[in-house]
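A.B. asks: Following this line is entry.cif, made up of mmCIF, C-alpha atoms:
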```cif
data_entry
loop_
_atom_site.label_atom_id
_atom_site.label_comp_id
_atom_site.auth_asym_id
_atom_site.auth_seq_id
_atom_site.Cartn_x
_atom_site.Cartn_y
_atom_site.Cartn_z
CA MET O 16 0.00 0.00 0.00
CA VAL O 17 2.73 2.41 0.94
CA THR O 18 4.62 1.83 -2.28
CA LEU O 19 1.37 2.34 -4.16
CA GLY O 20 1.02 5.69 -2.38
CA ILE O 21 4.48 6.76 -3.44
CA PHE O 22 3.66 6.41 -7.10
CA SER O 23 0.07 7.55 -7.09
CA ALA O 24 0.69 10.59 -4.89
CA PHE O 25 2.68 12.31 -7.59
CA THR O 26 0.23 12.63 -10.41
CA PRO O 27 1.15 15.43 -12.83
CA GLN O 28 -1.67 17.47 -11.36
CA ASN O 29 -0.43 17.12 -7.79
CA VAL O 30 3.17 17.80 -8.77
CA LEU O 31 2.19 20.98 -10.61
CA TYR O 32 0.08 22.03 -7.64
CA LEU O 33 3.00 21.52 -5.23
CA LEU O 34 5.39 23.34 -7.57
CA GLY O 35 2.97 26.26 -7.62
CA GLY O 36 3.23 26.26 -3.84
CA LEU O 37 7.00 26.29 -4.12
CA GLY O 38 6.65 29.35 -6.35
CA ILE O 39 4.69 31.15 -3.63
CA THR O 40 7.18 30.04 -0.97
CA VAL O 41 10.06 31.42 -3.04
CA GLY O 42 8.10 34.56 -3.93
CA VAL O 43 7.33 35.40 -0.31
CA SER O 44 10.95 34.67 0.60
CA ILE O 45 12.47 36.89 -2.07
CA ILE O 46 10.23 39.90 -1.46
CA SER O 47 10.69 39.55 2.32
CA VAL O 48 14.46 39.26 1.94
CA ILE O 49 14.70 42.44 -0.10
CA LEU O 50 12.43 44.42 2.22
CA SER O 51 14.09 43.15 5.37
CA LEU O 52 17.60 43.81 4.03
CA ILE O 53 16.62 47.43 3.41
CA PHE O 54 14.77 48.01 6.68
CA GLY O 55 17.14 45.85 8.70
CA SER O 56 20.11 47.92 7.50
CA ILE O 57 18.35 51.18 8.32
CA VAL O 58 17.36 50.02 11.80
CA GLY O 59 20.79 48.52 12.41
CA ILE O 60 22.50 51.78 11.44
CA ILE O 61 20.13 53.80 13.63
CA GLN O 62 21.00 51.58 16.59
CA PHE O 63 24.69 51.79 15.80
CA GLU O 64 24.72 55.60 15.52
CA ARG O 65 23.47 56.02 19.11
CA LEU O 66 21.35 59.08 18.35
CA PRO O 67 19.97 60.47 21.61
CA TYR O 68 16.61 58.88 22.59
CA PHE O 69 15.77 57.83 19.04
CA SER O 70 18.25 54.95 18.88
CA LYS O 71 17.18 53.73 22.30
CA PHE O 72 13.55 53.86 21.23
CA VAL O 73 14.13 52.01 17.95
CA GLY O 74 16.34 49.51 19.77
CA THR O 75 13.62 48.72 22.29
CA ILE O 76 10.99 48.14 19.60
CA ASN O 77 13.50 46.01 17.75
CA ASN O 78 14.13 43.93 20.85
CA VAL O 79 10.42 43.39 21.41
CA ILE O 80 9.84 42.22 17.83
CA ARG O 81 12.88 39.96 17.88
CA ASN O 82 11.63 38.24 21.00
CA LEU O 83 8.17 37.40 19.70
CA PRO O 84 7.32 34.23 17.80
CA LEU O 85 7.00 34.88 14.07
CA LEU O 86 3.76 32.90 14.10
CA LEU O 87 2.27 35.42 16.51
CA ILE O 88 3.33 38.32 14.28
CA ILE O 89 1.77 36.61 11.26
CA PHE O 90 -1.51 36.07 13.12
CA PHE O 91 -1.39 39.62 14.41
CA VAL O 92 -0.92 41.17 10.98
CA TYR O 93 -3.61 39.07 9.38
CA PHE O 94 -6.23 38.82 12.13
CA ALA O 95 -5.67 41.80 14.41
CA LEU O 96 -4.73 44.64 12.05
CA PRO O 97 -8.15 44.59 10.33
CA LYS O 98 -9.56 45.65 13.75
CA ILE O 99 -7.81 48.97 13.35
CA GLY O 100 -8.78 49.28 9.71
CA ILE O 101 -5.79 47.75 7.96
CA HIS O 102 -6.95 44.97 5.65
CA LEU O 103 -4.29 43.01 3.82
CA PRO O 104 -4.56 40.10 1.40
CA ILE O 105 -2.97 36.89 2.74
CA PHE O 106 0.12 37.11 0.55
CA TRP O 107 0.98 40.67 1.58
CA ALA O 108 0.08 40.04 5.20
CA THR O 109 2.65 37.24 5.19
CA VAL O 110 5.24 39.39 3.43
CA ILE O 111 4.77 42.25 5.90
CA ALA O 112 4.86 39.98 8.94
CA MET O 113 7.98 38.19 7.72
CA SER O 114 9.69 41.43 6.70
CA THR O 115 8.99 43.02 10.08
CA PHE O 116 10.37 40.04 11.96
CA GLU O 117 13.37 39.46 9.71
CA SER O 118 14.21 43.19 9.65
CA ALA O 119 14.51 43.05 13.41
CA MET O 120 16.76 39.98 13.19
CA LEU O 121 18.89 41.50 10.43
CA ALA O 122 19.16 44.83 12.26
CA GLU O 123 20.90 42.97 15.06
CA ILE O 124 23.30 41.36 12.56
CA VAL O 125 23.98 44.72 10.88
CA ARG O 126 24.62 46.40 14.23
CA GLY O 127 27.00 43.61 15.22
CA GLY O 128 28.76 43.85 11.85
CA LEU O 129 29.17 47.60 12.14
CA GLU O 130 30.51 47.32 15.67
CA SER O 131 33.10 44.82 14.49
CA VAL O 132 34.63 47.36 12.08
CA ASP O 133 37.74 48.93 13.60
CA ILE O 134 37.14 52.39 15.02
CA GLY O 135 40.28 53.61 13.22
CA GLN O 136 38.43 53.22 9.93
CA PHE O 137 35.98 55.88 11.04
CA GLU O 138 38.60 58.19 12.34
CA GLY O 139 40.71 57.80 9.21
CA ALA O 140 37.80 58.43 6.86
CA ARG O 141 36.60 61.41 8.86
CA ALA O 142 40.15 62.80 9.06
CA ASN O 143 40.39 62.52 5.28
CA GLY O 144 37.43 64.83 4.94
CA LEU O 145 34.56 62.40 4.32
CA SER O 146 31.25 63.31 5.88
CA ASN O 147 29.60 61.01 8.39
CA MET O 148 27.24 59.73 5.68
CA GLN O 149 30.06 59.17 3.16
CA THR O 150 32.13 57.34 5.77
CA MET O 151 29.21 55.03 6.41
CA ILE O 152 28.41 54.32 2.77
CA TYR O 153 31.91 54.04 1.26
CA ILE O 154 34.09 52.86 4.14
CA ILE O 155 32.19 51.18 6.93
CA LEU O 156 29.26 49.41 5.28
CA PRO O 157 31.31 47.55 2.63
CA GLN O 158 33.61 46.17 5.32
CA ALA O 159 30.74 45.35 7.63
CA TYR O 160 28.72 43.57 4.93
CA LYS O 161 31.66 41.28 4.23
CA LYS O 162 31.53 40.01 7.79
CA MET O 163 27.77 39.88 7.78
CA ILE O 164 27.28 37.70 4.73
CA PRO O 165 27.41 34.31 6.51
CA PRO O 166 24.98 35.28 9.31
CA ILE O 167 22.72 37.01 6.79
CA ILE O 168 22.55 33.86 4.68
CA SER O 169 21.76 31.71 7.68
CA GLN O 170 19.00 34.19 8.50
CA LEU O 171 17.81 33.78 4.93
CA ILE O 172 17.67 30.03 5.42
CA SER O 173 15.46 30.45 8.46
CA LEU O 174 13.31 32.85 6.46
CA VAL O 175 12.71 30.24 3.77
CA LYS O 176 11.86 27.67 6.44
CA ASP O 177 9.60 30.10 8.27
CA THR O 178 7.43 30.76 5.23
CA SER O 179 5.85 27.42 6.10
CA LEU O 180 4.29 29.12 9.15
CA ALA O 181 2.10 31.14 6.80
CA MET O 182 -0.06 28.08 6.35
CA GLY O 183 -1.49 29.18 9.72
CA ILE O 184 -3.34 31.93 7.85
CA VAL O 185 -3.97 29.63 4.89
CA LEU O 186 -1.41 31.08 2.52
CA SER O 187 -1.28 28.59 -0.32
CA GLU O 188 2.47 27.89 -0.05
CA MET O 189 4.20 24.54 -0.38
CA THR O 190 3.57 23.08 3.08
CA TYR O 191 -0.09 24.03 2.91
CA ARG O 192 -0.51 22.58 -0.56
CA GLY O 193 1.18 19.44 0.64
CA GLN O 194 -1.46 19.14 3.31
CA ILE O 195 -4.17 19.57 0.68
CA VAL O 196 -2.62 16.79 -1.41
CA TYR O 197 -2.31 14.25 1.39
CA ALA O 198 -5.79 15.10 2.61
CA GLN O 199 -7.02 13.24 -0.49
CA ASN O 200 -5.56 9.95 0.65
CA SER O 201 -3.77 9.06 3.86
CA THR O 202 -1.24 6.86 2.04
CA TYR O 203 0.06 10.07 0.45
CA ILE O 204 1.21 11.52 3.79
CA ILE O 205 4.67 9.95 3.91
CA PRO O 206 5.66 10.46 0.25
CA VAL O 207 4.39 14.04 0.16
CA LEU O 208 6.06 14.98 3.45
CA ILE O 209 9.32 13.46 2.23
CA ALA O 210 9.09 15.27 -1.11
CA ILE O 211 8.45 18.62 0.57
CA THR O 212 11.26 18.00 3.04
CA LEU O 213 13.62 17.27 0.16
CA VAL O 214 12.69 20.47 -1.67
CA TYR O 215 13.20 22.61 1.44
CA PHE O 216 16.42 20.80 2.18
CA LEU O 217 17.86 21.31 -1.29
CA LEU O 218 16.84 24.96 -1.31
CA ASN O 219 18.39 25.67 2.09
CA TYR O 220 21.39 23.42 1.73
CA GLY O 221 22.19 25.25 -1.51
CA LEU O 222 22.01 28.52 0.40
CA SER O 223 24.23 27.19 3.17
CA LEU O 224 26.79 26.08 0.57
CA ILE O 225 26.78 29.64 -0.78
CA ALA O 226 27.29 30.87 2.79
CA ARG O 227 30.27 28.56 3.24
CA TRP O 228 31.72 29.59 -0.12
CA ALA O 229 31.27 33.28 0.72
CA ASP O 230 32.90 32.71 4.10
CA HIS O 231 35.93 31.13 2.40
CA LYS O 232 36.16 33.76 -0.29
CA LEU O 233 35.88 36.76 1.98
CA ALA O 234 37.68 35.64 5.10
CA MET V 27 -8.88 44.59 30.75
CA ALA V 28 -11.94 42.43 30.89
CA LEU V 29 -10.57 40.10 28.23
CA LEU V 30 -7.54 39.27 30.33
CA GLN V 31 -9.63 38.86 33.49
CA ASN V 32 -12.19 36.54 31.89
CA ASN V 33 -9.64 34.35 30.19
CA PHE V 34 -6.81 34.51 32.69
CA PRO V 35 -6.86 30.78 33.59
CA THR V 36 -6.73 29.85 29.90
CA PHE V 37 -3.84 32.21 29.21
CA LEU V 38 -2.05 30.89 32.25
CA GLN V 39 -2.58 27.28 31.18
CA GLY V 40 -1.21 28.09 27.74
CA PHE V 41 1.75 29.86 29.32
CA GLY V 42 2.35 26.78 31.48
CA TYR V 43 2.31 24.41 28.50
CA THR V 44 4.64 26.71 26.53
CA LEU V 45 7.01 26.79 29.49
CA LEU V 46 6.79 23.03 30.01
CA SER V 47 7.40 22.27 26.34
CA SER V 48 10.31 24.71 26.25
CA ILE V 49 11.97 23.25 29.32
CA ILE V 50 11.61 19.63 28.16
CA ALA V 51 12.85 20.54 24.68
CA LEU V 52 15.70 22.58 26.16
CA ILE V 53 16.99 19.77 28.36
CA GLY V 54 16.58 17.20 25.60
CA SER V 55 18.20 19.34 22.93
CA MET V 56 21.11 20.30 25.18
CA ILE V 57 21.91 16.62 25.72
CA LEU V 58 21.32 15.60 22.10
CA GLY V 59 23.00 18.70 20.72
CA THR V 60 26.13 18.19 22.82
CA GLY V 61 26.17 14.57 21.72
CA PHE V 62 26.01 15.51 18.06
CA ALA V 63 28.62 18.23 18.56
CA ILE V 64 31.03 15.69 20.04
CA MET V 65 30.22 13.25 17.24
CA GLN V 66 31.44 15.87 14.77
CA ILE V 67 34.72 16.25 16.67
CA VAL V 68 35.76 12.65 17.41
CA PRO V 69 38.66 11.20 15.40
CA GLN V 70 36.50 8.53 13.68
CA LYS V 71 35.49 9.83 10.26
CA TRP V 72 32.27 7.83 9.93
CA ILE V 73 30.91 9.08 13.26
CA GLN V 74 31.73 12.63 12.16
CA LYS V 75 29.76 12.01 9.00
CA ILE V 76 26.65 10.84 10.88
CA GLY V 77 26.73 13.84 13.18
CA ASN V 78 27.21 16.15 10.24
CA ILE V 79 24.33 14.70 8.24
CA TYR V 80 21.98 14.97 11.21
CA VAL V 81 22.85 18.61 11.78
CA GLN V 82 22.60 19.55 8.10
CA VAL V 83 19.25 17.83 7.63
CA PHE V 84 17.54 19.23 10.70
CA ARG V 85 18.94 22.72 10.24
CA ASN V 86 17.67 22.99 6.70
CA ILE V 87 14.08 21.80 6.94
CA PRO V 88 11.19 23.68 8.54
CA LEU V 89 10.26 22.80 12.10
CA LEU V 90 6.65 22.61 10.97
CA ILE V 91 7.43 19.68 8.66
CA ILE V 92 9.20 17.80 11.45
CA THR V 93 6.22 18.44 13.70
CA PHE V 94 3.80 17.15 11.07
CA PHE V 95 5.97 14.11 10.56
CA PHE V 96 5.64 13.19 14.23
CA PHE V 97 2.01 14.22 14.47
CA LEU V 98 0.79 12.47 11.33
CA VAL V 99 3.23 9.61 10.73
CA VAL V 100 4.99 8.58 13.92
CA SER V 101 1.85 8.94 16.04
CA LYS V 102 0.28 6.15 13.99
CA TYR V 103 2.81 3.69 15.39
CA ILE V 104 3.60 5.28 18.76
CA LYS V 105 0.67 6.94 20.48
CA MET V 106 1.48 10.60 21.15
CA SER V 107 -0.49 13.77 21.65
CA GLY V 108 -0.01 16.99 19.72
CA PHE V 109 1.91 18.38 22.67
CA THR V 110 4.31 15.43 22.71
CA SER V 111 4.90 15.36 18.97
CA GLY V 112 5.45 19.11 18.89
CA THR V 113 7.86 18.99 21.82
CA VAL V 114 9.83 16.07 20.36
CA ALA V 115 10.07 17.84 17.00
CA LEU V 116 11.16 21.03 18.75
CA MET V 117 13.80 19.08 20.65
CA LEU V 118 15.25 17.41 17.55
CA TYR V 119 15.18 20.64 15.55
CA THR V 120 16.84 22.73 18.26
CA SER V 121 19.43 20.06 18.97
CA ALA V 122 20.87 20.59 15.48
CA PHE V 123 21.41 24.28 16.23
CA ILE V 124 22.81 23.56 19.67
CA ALA V 125 25.17 21.03 18.10
CA GLU V 126 26.50 23.76 15.81
CA THR V 127 26.88 26.19 18.71
CA VAL V 128 28.62 23.72 21.00
CA ARG V 129 30.86 22.49 18.17
CA ALA V 130 31.95 26.08 17.50
CA GLY V 131 32.59 26.41 21.24
CA ILE V 132 34.69 23.24 21.34
CA LEU V 133 36.70 24.40 18.33
CA ALA V 134 37.25 27.76 20.02
CA VAL V 135 38.90 26.05 23.00
CA ASN V 136 42.65 26.06 22.53
CA THR V 137 43.80 22.71 21.08
CA GLY V 138 46.56 22.68 23.69
CA GLN V 139 43.89 21.97 26.30
CA MET V 140 42.96 18.69 24.65
CA GLU V 141 46.58 17.74 23.96
CA GLY V 142 47.63 18.61 27.51
CA ALA V 143 44.81 16.55 28.98
CA ARG V 144 45.60 13.59 26.72
CA ALA V 145 49.31 13.87 27.52
CA ASN V 146 48.42 13.75 31.21
CA GLY V 147 46.77 10.38 30.69
CA LEU V 148 43.10 11.30 30.36
CA SER V 149 41.11 9.39 27.78
CA PHE V 150 39.41 11.29 24.94
CA ALA V 151 36.08 11.06 26.75
CA GLN V 152 37.53 12.23 30.05
CA ALA V 153 39.39 15.10 28.43
CA MET V 154 36.20 16.12 26.66
CA ARG V 155 34.09 15.84 29.78
CA TYR V 156 36.35 17.51 32.33
CA ILE V 157 38.59 19.84 30.34
CA VAL V 158 37.17 20.87 26.98
CA LEU V 159 33.38 20.92 27.40
CA PRO V 160 33.27 23.17 30.49
CA GLN V 161 35.33 25.78 28.65
CA ALA V 162 33.34 25.32 25.44
CA PHE V 163 30.05 25.91 27.26
CA ARG V 164 31.35 29.12 28.78
CA ILE V 165 32.41 30.40 25.36
CA SER V 166 29.13 29.49 23.70
CA LEU V 167 26.87 30.66 26.53
CA PRO V 168 25.51 33.75 24.69
CA SER V 169 24.70 31.77 21.54
CA LEU V 170 23.16 29.00 23.62
CA GLY V 171 20.97 31.62 25.25
CA ASN V 172 19.90 32.84 21.82
CA GLN V 173 19.02 29.29 20.87
CA PHE V 174 16.90 29.03 23.99
CA ILE V 175 15.03 32.20 23.04
CA ASN V 176 14.47 30.74 19.57
CA LEU V 177 13.23 27.57 21.20
CA VAL V 178 10.65 29.43 23.30
CA LYS V 179 9.50 31.32 20.21
CA ASN V 180 9.43 28.17 18.10
CA SER V 181 7.30 26.39 20.68
CA SER V 182 4.40 28.37 19.16
CA ILE V 183 4.49 25.67 16.49
CA LEU V 184 2.49 23.54 18.94
CA ALA V 185 -0.54 25.61 17.93
CA PHE V 186 -0.59 23.76 14.61
CA VAL V 187 -1.03 20.37 16.25
CA GLY V 188 -3.36 21.30 19.11
CA GLY V 189 -0.56 21.47 21.63
CA LEU V 190 -2.54 23.61 24.13
CA ASP V 191 0.32 26.12 24.31
CA LEU V 192 0.07 29.90 24.59
CA MET V 193 -0.34 30.46 20.85
CA TYR V 194 -3.01 27.78 20.61
CA GLN V 195 -5.00 29.17 23.55
CA GLY V 196 -4.55 32.66 22.14
CA ASN V 197 -6.07 31.56 18.84
CA MET V 198 -8.96 29.92 20.69
CA ILE V 199 -9.67 33.03 22.77
CA ALA V 200 -9.35 35.25 19.69
CA ALA V 201 -11.84 33.04 17.86
CA ASN V 202 -14.30 33.03 20.77
CA THR V 203 -14.21 36.69 21.68
CA PHE V 204 -13.55 38.15 18.21
CA ASP V 205 -11.23 40.55 20.00
CA THR V 206 -8.17 39.50 18.03
CA PHE V 207 -6.28 42.72 18.66
CA SER V 208 -6.21 42.64 22.47
CA THR V 209 -5.82 38.86 22.59
CA TYR V 210 -2.69 38.80 20.46
CA ILE V 211 -1.25 41.74 22.41
CA ILE V 212 -1.75 39.78 25.64
CA VAL V 213 -0.21 36.66 24.10
CA ALA V 214 2.73 38.80 22.98
CA ILE V 215 3.22 40.10 26.52
CA PHE V 216 3.23 36.55 27.90
CA TYR V 217 5.89 35.53 25.39
CA LEU V 218 7.93 38.62 26.20
CA ILE V 219 7.84 37.73 29.90
CA LEU V 220 9.83 34.64 28.95
CA THR V 221 12.11 35.94 26.21
CA LEU V 222 12.86 39.60 26.92
CA PRO V 223 14.68 39.21 30.27
CA LEU V 224 16.72 36.40 28.76
CA SER V 225 17.57 38.53 25.75
CA TYR V 226 18.80 41.44 27.91
CA TYR V 227 20.79 39.05 30.06
CA ILE V 228 22.50 37.66 26.93
CA GLN V 229 23.36 41.16 25.73
CA HIS V 230 24.86 41.80 29.15
CA LEU V 231 26.84 38.55 28.96
CA GLU V 232 28.10 39.37 25.47
CA ARG V 233 29.31 42.77 26.59
CA LYS V 234 31.07 41.18 29.55
CA LEU V 235 32.76 38.57 27.36
CA LYS V 236 33.83 41.23 24.88
CA ARG V 237 35.38 43.28 27.66
CA ALA V 238 37.17 40.21 28.99
CA ALA V 239 38.59 39.38 25.55
#
```
Please express the file's structure as structure tokens.

C.D. replies:
Amino acid sequence: MVTLGIFSAFTPQNVLYLLGGLGITVGVSIISVILSLIFGSIVGIIQFERLPYFSKFVGTINNVIRNLPLLLIIFFVYFALPKIGIHLPIFWATVIAMSTFESAMLAEIVRGGLESVDIGQFEGARANGLSNMQTMIYIILPQAYKKMIPPIISQLISLVKDTSLAMGIVLSEMTYRGQIVYAQNSTYIIPVLIAITLVYFLLNYGLSLIARWADHKLA
Amino acid sequence: MALLQNNFPTFLQGFGYTLLSSIIALIGSMILGTGFAIMQIVPQKWIQKIGNIYVQVFRNIPLLIITFFFFLVVSKYIKMSGFTSGTVALMLYTSAFIAETVRAGILAVNTGQMEGARANGLSFAQAMRYIVLPQAFRISLPSLGNQFINLVKNSSILAFVGGLDLMYQGNMIAANTFDTFSTYIIVAIFYLILTLPLSYYIQHLERKLKRAA
């Protein structure tokens, strides 16, 4: 029976359906990565700059978001925000929840990366007549990003994995679609779970290989 | 807030289950994770390989899938509740991350420590147990703390399998009262009670270690 399930679970229709889910998983991941890289960098720099009050304030909010479960943030964005008049479609609710959470995580990485740059780099750049902004953009950030690439990629891996949480608000991504497929027939459960696991694994293992390669290349 | 007053026992029960699941998974994953970390260090190549494969597999697949595997597949052969399957999945998943952290800690301990211990007649296991591991744990304490915070946050996965945890109870209350906004804020506060103090303590530890270095 089990072997029968393995073959019959992957009809062309089911495979296409699951691949569509993979498309949504990857789509959510890519948009969230771009947004959270931008916002994470901004928040990280704000925290690093130690502006009076403002940095403390942003840092506190960042800490709160970082210490909440992503699942809770997803539920909050999708179910609670409509109460105050913000209605979002499922896809964008997921993207916004993931971007908020990942921005907070990345901000911490960016701050750590910036702090690891030698203070002499600042002083040298400033002494050579660069403005604070120029120092940041041309001197500090490029050095900091080099050190940040491995942790950023491992954050990216957890982002790809975490998109599966969006099935909690019935986003039609891969894990959810898998559930739909094996709901047809209980012998499908094992083959479908294994197939999904393999896809996630290959996706993330590929990313971790890139991280290792980048680590080698840059270190 | 009336919502909190009316549902306080439910919130508290959820908080208790979250705490219980986190503690069980923490203890289990510390033991397993240390085991897998040591497996990746021992001289035997094939044992290294096994440890490595375990860590790579569990680090790269979603916790949700592991949870479903236990909840839907394993529970057919071994009776287990949603709470148990979620906690076991959480334990296995986190142990991969702890293995990485502890392994990095072991590698950060000066190799002279191991050689010195071995030269003084300790076996590999003894040297590991009494000389290397205590130092490795101290080095990796901040990252271990971060893993524990992740573990508490990840325990919300129990909500998917009816694990009675904080997230699950929060969803129930939100569905019953329709007051999603306040409910999720209260759930957030309960989670922060667990994670925020830990997070500030880790930042404090990191600063202290940096100053010491």

A.B. asks: What residues in chain V have any atom no more than 10 Å from chain O when counting all atoms listed in the file, and can you write them as a CSV table (one decimal) with C-alpha atoms, keeping the file's coordinate frame?

C.D. replies:
```
chain,number,residue,atom,x,y,z
V,82,GLN,CA,22.6,19.6,8.1
V,83,VAL,CA,19.2,17.8,7.6
V,84,PHE,CA,17.5,19.2,10.7
V,85,ARG,CA,18.9,22.7,10.2
V,86,ASN,CA,17.7,23.0,6.7
V,87,ILE,CA,14.1,21.8,6.9
V,88,PRO,CA,11.2,23.7,8.5
V,89,LEU,CA,10.3,22.8,12.1
V,90,LEU,CA,6.6,22.6,11.0
V,91,ILE,CA,7.4,19.7,8.7
V,92,ILE,CA,9.2,17.8,11.4
V,94,PHE,CA,3.8,17.2,11.1
V,95,PHE,CA,6.0,14.1,10.6
V,98,LEU,CA,0.8,12.5,11.3
V,99,VAL,CA,3.2,9.6,10.7
V,172,ASN,CA,19.9,32.8,21.8
V,175,ILE,CA,15.0,32.2,23.0
V,176,ASN,CA,14.5,30.7,19.6
V,177,LEU,CA,13.2,27.6,21.2
V,178,VAL,CA,10.6,29.4,23.3
V,179,LYS,CA,9.5,31.3,20.2
V,180,ASN,CA,9.4,28.2,18.1
V,181,SER,CA,7.3,26.4,20.7
V,182,SER,CA,4.4,28.4,19.2
V,183,ILE,CA,4.5,25.7,16.5
V,185,ALA,CA,-0.5,25.6,17.9
V,186,PHE,CA,-0.6,23.8,14.6
V,193,MET,CA,-0.3,30.5,20.8
V,196,GLY,CA,-4.6,32.7,22.1
V,197,ASN,CA,-6.1,31.6,18.8
V,200,ALA,CA,-9.4,35.2,19.7
V,201,ALA,CA,-11.8,33.0,17.9
V,204,PHE,CA,-13.6,38.2,18.2
V,205,ASP,CA,-11.2,40.6,20.0
V,206,THR,CA,-8.2,39.5,18.0
V,207,PHE,CA,-6.3,42.7,18.7
V,208,SER,CA,-6.2,42.6,22.5
V,209,THR,CA,-5.8,38.9,22.6
V,210,TYR,CA,-2.7,38.8,20.5
V,211,ILE,CA,-1.2,41.7,22.4
V,213,VAL,CA,-0.2,36.7,24.1
V,214,ALA,CA,2.7,38.8,23.0
V,215,ILE,CA,3.2,40.1,26.5
V,216,PHE,CA,3.2,36.6,27.9
V,217,TYR,CA,5.9,35.5,25.4
V,218,LEU,CA,7.9,38.6,26.2
V,219,ILE,CA,7.8,37.7,29.9
V,220,LEU,CA,9.8,34.6,29.0
V,221,THR,CA,12.1,35.9,26.2
V,222,LEU,CA,12.9,39.6,26.9
V,223,PRO,CA,14.7,39.2,30.3
V,224,LEU,CA,16.7,36.4,28.8
V,225,SER,CA,17.6,38.5,25.8
V,226,TYR,CA,18.8,41.4,27.9
```

A.B. asks: Atom CA of O:Asp133 and atom CA of O:Ala119, how far apart in Å?

C.D. replies: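 These two atoms are separated by 24.0 Å.
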
A.B. asks: Which polymer residues have any atom within 7 Å of an atom of V:Thr93, counting only C-alpha atoms, with same-chain residues fewer than 6 positions away left out, as a list in words?

C.D. replies: Ser111, Gly112 and Ala115 of chain V

A.B. asks: Could you give me, as number ranges by chain, the residues that sit within 12 Å of (15.2, 46.9, 2.0) in the file's coordinates, counting all atoms listed in the file?

C.D. replies: O: 45-59, 114-115, 117-118, 121-122

A.B. asks: Give as number ranges by chain the residues that the PyMOL selection byres ((chain V and resi 76) around 12) matches when applied to the coordinates above.

C.D. replies: V: 61-68, 70-75, 77-83

A.B. asks: Create the file for the chosen residues now, containing C-alpha atoms and written as a compact mmCIF listing (two decimals), in the frame of the given file.

C.D. replies:
```txt
# COMPACT_ATOMS: atom_id res chain seq x y z
CA GLY V 61 26.17 14.57 21.72
CA PHE V 62 26.01 15.51 18.06
CA ALA V 63 28.62 18.23 18.56
CA ILE V 64 31.03 15.69 20.04
CA MET V 65 30.22 13.25 17.24
CA GLN V 66 31.44 15.87 14.77
CA ILE V 67 34.72 16.25 16.67
CA VAL V 68 35.76 12.65 17.41
CA GLN V 70 36.50 8.53 13.68
CA LYS V 71 35.49 9.83 10.26
CA TRP V 72 32.27 7.83 9.93
CA ILE V 73 30.91 9.08 13.26
CA GLN V 74 31.73 12.63 12.16
CA LYS V 75 29.76 12.01 9.00
CA GLY V 77 26.73 13.84 13.18
CA ASN V 78 27.21 16.15 10.24
CA ILE V 79 24.33 14.70 8.24
CA TYR V 80 21.98 14.97 11.21
CA VAL V 81 22.85 18.61 11.78
CA GLN V 82 22.60 19.55 8.10
CA VAL V 83 19.25 17.83 7.63
```

A.B. asks: Could you pull the residues within 8 Å of O:Ile39, counting only C-alpha atoms, minus those fewer than 3 positions along the same chain, as a PyMOL selection string?

C.D. replies: chain O and resi 35-36+42-43+187-189

A.B. asks: Given the file shown, enumerate the residues that the PyMOL selection byres ((chain O and resi 163) around 12) captures and present them as a PyMOL selection string.

C.D. replies: chain O and resi 52+56+121-132+156-162+164-170+226+229-230+233-234

A.B. asks: Would you mind reading off the distance between atom CA of V:Met198 and atom CA of O:Ala181, one decimal, in Å?

C.D. replies: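 Distance between the two atoms: 17.8 Å.
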
A.B. asks: Please write as an NGL selection string the list of polymer residues whose atoms come within 12 Å of (37.2, 32.4, 21.2), counting only C-alpha atoms and keeping to the coordinates of the file.

C.D. replies: :V and (130-137 or 161-167 or 235-236 or 238-239)

A.B. asks: Take stretch 91-98 of chain O, bring it up to N, CA and C atoms, and give me the output as a compact mmCIF listing (two decimals), keeping the file's coordinate frame.

C.D. replies:
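Produced file part29.txt, reproduced below:
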```
# COMPACT_ATOMS: atom_id res chain seq x y z
N PHE O 91 -1.05 38.24 14.04
CA PHE O 91 -1.39 39.62 14.41
C PHE O 91 -1.65 40.46 13.16
N VAL O 92 -0.76 40.36 12.20
CA VAL O 92 -0.92 41.17 10.98
C VAL O 92 -2.19 40.78 10.24
N TYR O 93 -2.47 39.49 10.19
CA TYR O 93 -3.61 39.07 9.38
C TYR O 93 -4.94 39.19 10.11
N PHE O 94 -4.95 38.84 11.42
CA PHE O 94 -6.23 38.82 12.13
C PHE O 94 -6.50 40.06 12.97
N ALA O 95 -5.44 40.69 13.48
CA ALA O 95 -5.67 41.80 14.41
C ALA O 95 -5.64 43.16 13.72
N LEU O 96 -4.80 43.33 12.71
CA LEU O 96 -4.73 44.64 12.05
C LEU O 96 -6.05 45.07 11.41
N PRO O 97 -6.86 44.15 10.87
CA PRO O 97 -8.15 44.59 10.33
C PRO O 97 -9.01 45.30 11.37
N LYS O 98 -8.80 44.98 12.68
CA LYS O 98 -9.56 45.65 13.75
C LYS O 98 -9.30 47.13 13.78
```
